[in-house]
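Trainee: Take this structure, written in structure tokens, and hold onto it; I'll ask about it next.
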There are 2 protein chains.
Amino acid sequence: MTDTANTGVRARLDDHRLPDPVPAGEYEGCPVTGVLRRVGDKWALLLVTLLGQRPYRFNELHRAVDGISQRMLTRTLRTLESDGLVDREVLPTSPPSVEYRLTPLGVSLLEPLAVLAGWALDHHAEIVAARRRPV
Amino acid sequence: MTDTANTGVRARLDDHRLPDPVPAGEYEGCPVTGVLRRVGDKWALLLVTLLGQRPYRFNELHRAVDGISQRMLTRTLRTLESDGLVDREVLPTSPPSVEYRLTPLGVSLLEPLAVLAGWALDHHAEIVAARRRPV
DNA sequence: CAGCATCCCGAGTGATACTG
DNA sequence: CAGTATCACTCGGGATGCTG
């Protein structure tokens with residue numbers, strides 16, 4: 001592998017769009033797996049939860065999450081947008097600001113997510129305990 | 001990067017334990033994220049779903065999933081066992097056979113999972129449609 | 001049968017610097 | 001402010017071969 005070899009290169013020179021539009025995989029076979037992979041994303045769920053409360057601007061999200069890099073914030077938002085979960089709106093202000101909000105589809109995800117989050121909060125102590133006792 | 005440079009070397013020579021006991025990360029900060037990462041595992045959820053129906057033996061699982069490697073099957077089962085979701089029982093037969101079954105904790109996960117799976121089945125068509133329309 | 005040991009590749013992710 | 005371009009590094013995950 002040479003250093004110049006770009007991973008997952010787009011090779012669209014004249015149409016310089018996003019460098020890497022969507023991070024993760026296809027919805028091959030089972031659609032449930034595809035959704036779960038999305039949900040299992042390190043940041044995706046956190047962003048969805050945040051946006052479930054109110055719209056956020058880019059740097060507002062960047063500050064709110066605190067630990068995420070600009071790159072991953074952009075990529076995750078782009079993925080969520082591409083999946084139709086998040087809507088991106090560019091406001092015509094003098095310093096351009098962008099607002100992100102959940103789509104109806106994104107809102108509909110909040111409820112199943114809450115169920116799983118409830119389970120996690122309810123049982124994570126048991127999981128941690130299980131991990132601490134080797135066999 | 002030279003070819004001899006090993007990625008993520010273990011460097012524990014005298015204590016040759018498992019090469020990589022648990023694949024994924026810690027439960028830092030939010031326990032929900034940790035659980036979601038587990039759930040987002042490529043195979044973990046599939047195995048939990050399978051084991052939710054009845055106990056399976058190792059190669060039985062290997063055949064049932066079909067596409068998983070021995071290594072990932074072992075690793076995923078070990079992780080699930082380590083998290084207290086799956087129980088591993090070695091049967092004292094002449095060719096040693098091992099049975100895997102869900103623990104009560106694992107069974108309790110089936111319901112939240114079903115909710116999420118239901119959402120996925122219900123909306124994955126919208127997601128696919130959203131991905132096909134660029135902006 | 002049920003694993004464990006290695007090698008290897010690509011995806012995911014962070015850090016940093018630059019731009020409209 | 002809201003990104004984009006690179007570089008570098010780790011880790012998930014597949015292939016293959018060996019063992020008790």
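Identifiers for the structure tokens are assigned positionally: chains receive A, B, ... in sequence, residues are indexed from 1 per chain, and ligands are indexed from 1 in the order shown.
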I'd like the contact shell of A:Thr49 - 12 Å cut-off, only C-alpha atoms (C1' of nucleotides), skipping same-chain residues fewer than 2 positions apart - returned as JSON, numbers by chain.
Mentor: {"A": [39, 43, 44, 45, 46, 47, 51, 52, 53, 54, 55, 56, 61, 64, 65, 85, 86, 101, 102, 106, 107, 108, 109, 110, 111, 112, 113, 114, 117], "B": [32, 33]}
Trainee: For those residues, write C-alpha atoms to a file as an mmCIF file, in the first residue's frame.
Mentor:
data_model
loop_
_atom_site.group_PDB
_atom_site.id
_atom_site.type_symbol
_atom_site.label_atom_id
_atom_site.label_comp_id
_atom_site.auth_asym_id
_atom_site.auth_seq_id
_atom_site.Cartn_x
_atom_site.Cartn_y
_atom_site.Cartn_z
ATOM 1 C CA VAL A 39 -27.218 2.465 15.720
ATOM 2 C CA TRP A 43 -21.581 8.941 17.511
ATOM 3 C CA ALA A 44 -24.707 8.469 15.425
ATOM 4 C CA LEU A 45 -27.001 7.536 18.251
ATOM 5 C CA LEU A 46 -25.711 10.306 20.480
ATOM 6 C CA LEU A 47 -26.380 12.866 17.775
ATOM 7 C CA LEU A 51 -31.290 16.322 17.865
ATOM 8 C CA GLY A 52 -34.341 14.636 19.285
ATOM 9 C CA GLN A 53 -34.604 17.459 21.776
ATOM 10 C CA ARG A 54 -34.153 20.469 19.518
ATOM 11 C CA PRO A 55 -32.356 21.597 16.346
ATOM 12 C CA TYR A 56 -28.649 22.213 16.635
ATOM 13 C CA LEU A 61 -23.168 20.002 18.239
ATOM 14 C CA ALA A 64 -22.299 19.519 22.972
ATOM 15 C CA VAL A 65 -20.650 16.215 22.189
ATOM 16 C CA LEU A 85 -32.888 10.573 9.546
ATOM 17 C CA VAL A 86 -31.556 14.112 9.762
ATOM 18 C CA ARG A 101 -32.881 18.644 12.879
ATOM 19 C CA LEU A 102 -34.497 15.214 12.888
ATOM 20 C CA GLY A 106 -35.527 10.222 12.654
ATOM 21 C CA VAL A 107 -38.126 11.069 15.266
ATOM 22 C CA SER A 108 -39.725 7.674 14.820
ATOM 23 C CA LEU A 109 -36.405 6.095 15.714
ATOM 24 C CA LEU A 110 -36.333 7.795 19.092
ATOM 25 C CA GLU A 111 -38.854 5.448 20.624
ATOM 26 C CA PRO A 112 -37.178 2.098 19.831
ATOM 27 C CA LEU A 113 -33.953 3.730 20.884
ATOM 28 C CA ALA A 114 -35.427 4.742 24.199
ATOM 29 C CA ALA A 117 -31.444 2.718 26.218
ATOM 30 C CA VAL B 32 -25.939 3.066 26.656
ATOM 31 C CA THR B 33 -23.208 3.676 24.122
#
Trainee: Would you mind listing what lies within 9 Å of stretch 4-18 of chain C as a ChimeraX atom specification, with only C-alpha atoms (C1' of nucleotides) counted and same-chain residues fewer than 3 positions away left out?
Mentor: /A:7,23-24,68-69,71-72 /B:18-19,71 /D:4-12,14-19
Trainee: Pick the closest to D:DG13 from B:Lys42, B:Arg132, B:Arg37, B:Arg88: which is it, counting only C-alpha atoms (C1' of nucleotides)?
Mentor: B:Lys42
Trainee: For chain A, list the residues within 6 Å of chain B, counting only C-alpha atoms, and write the list as an mmCIF file with N, CA and C atoms, in the first residue's frame.
Mentor:
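selection_25.cif was written with the following content:
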data_model
loop_
_atom_site.group_PDB
_atom_site.id
_atom_site.type_symbol
_atom_site.label_atom_id
_atom_site.label_comp_id
_atom_site.auth_asym_id
_atom_site.auth_seq_id
_atom_site.Cartn_x
_atom_site.Cartn_y
_atom_site.Cartn_z
ATOM 1 N N VAL A 32 -32.281 -5.403 9.251
ATOM 2 C CA VAL A 32 -32.118 -5.158 10.683
ATOM 3 C C VAL A 32 -30.646 -4.961 11.015
ATOM 4 N N LEU A 36 -28.894 -1.802 12.735
ATOM 5 C CA LEU A 36 -28.137 -1.985 13.967
ATOM 6 C C LEU A 36 -26.722 -1.453 13.832
ATOM 7 N N ARG A 37 -26.142 -1.640 12.674
ATOM 8 C CA ARG A 37 -24.811 -1.103 12.460
ATOM 9 C C ARG A 37 -24.828 0.408 12.585
ATOM 10 N N GLY A 40 -25.188 1.242 16.152
ATOM 11 C CA GLY A 40 -23.967 0.934 16.861
ATOM 12 C C GLY A 40 -22.854 1.917 16.579
ATOM 13 N N SER A 82 -28.012 11.243 4.812
ATOM 14 C CA SER A 82 -28.152 10.350 3.659
ATOM 15 C C SER A 82 -29.177 9.251 3.926
ATOM 16 N N ASP A 83 -29.295 8.869 5.164
ATOM 17 C CA ASP A 83 -30.263 7.834 5.526
ATOM 18 C C ASP A 83 -31.656 8.402 5.738
ATOM 19 N N GLY A 84 -31.759 9.713 5.642
ATOM 20 C CA GLY A 84 -33.077 10.310 5.786
ATOM 21 C C GLY A 84 -33.511 10.471 7.223
ATOM 22 N N PRO A 112 -37.904 3.367 19.668
ATOM 23 C CA PRO A 112 -37.178 2.098 19.831
ATOM 24 C C PRO A 112 -35.852 2.291 20.534
ATOM 25 N N VAL A 115 -36.272 2.479 24.225
ATOM 26 C CA VAL A 115 -36.474 1.154 24.806
ATOM 27 C C VAL A 115 -35.132 0.479 25.062
ATOM 28 N N LEU A 116 -34.273 0.541 24.050
ATOM 29 C CA LEU A 116 -32.967 -0.092 24.191
ATOM 30 C C LEU A 116 -32.125 0.622 25.240
ATOM 31 N N ALA A 117 -32.201 1.945 25.226
ATOM 32 C CA ALA A 117 -31.444 2.718 26.218
ATOM 33 C C ALA A 117 -31.931 2.371 27.623
ATOM 34 N N ALA A 120 -30.400 -0.802 28.609
ATOM 35 C CA ALA A 120 -28.983 -0.611 28.896
ATOM 36 C C ALA A 120 -28.793 -0.032 30.290
ATOM 37 N N ILE A 127 -23.969 -6.280 33.477
ATOM 38 C CA ILE A 127 -22.957 -6.559 32.464
ATOM 39 C C ILE A 127 -21.570 -6.280 33.009
ATOM 40 N N ALA A 130 -20.653 -8.923 35.353
ATOM 41 C CA ALA A 130 -20.318 -10.165 34.669
ATOM 42 C C ALA A 130 -18.907 -10.106 34.101
ATOM 43 N N ARG A 131 -18.545 -8.935 33.606
ATOM 44 C CA ARG A 131 -17.209 -8.792 33.026
ATOM 45 C C ARG A 131 -16.131 -8.873 34.098
#
Trainee: Would you list which chain B residues are within 9 Å of chain C using only C-alpha atoms (C1' of nucleotides), as a ChimeraX atom specification?
Mentor: /B:18-19,58-59,70-71,74,95-98
Trainee: Please check the contacts: residues of chain D at most 8 Å away from chain A, using only C-alpha atoms (C1' of nucleotides), listed as a ChimeraX atom specification.
Mentor: /D:1-4
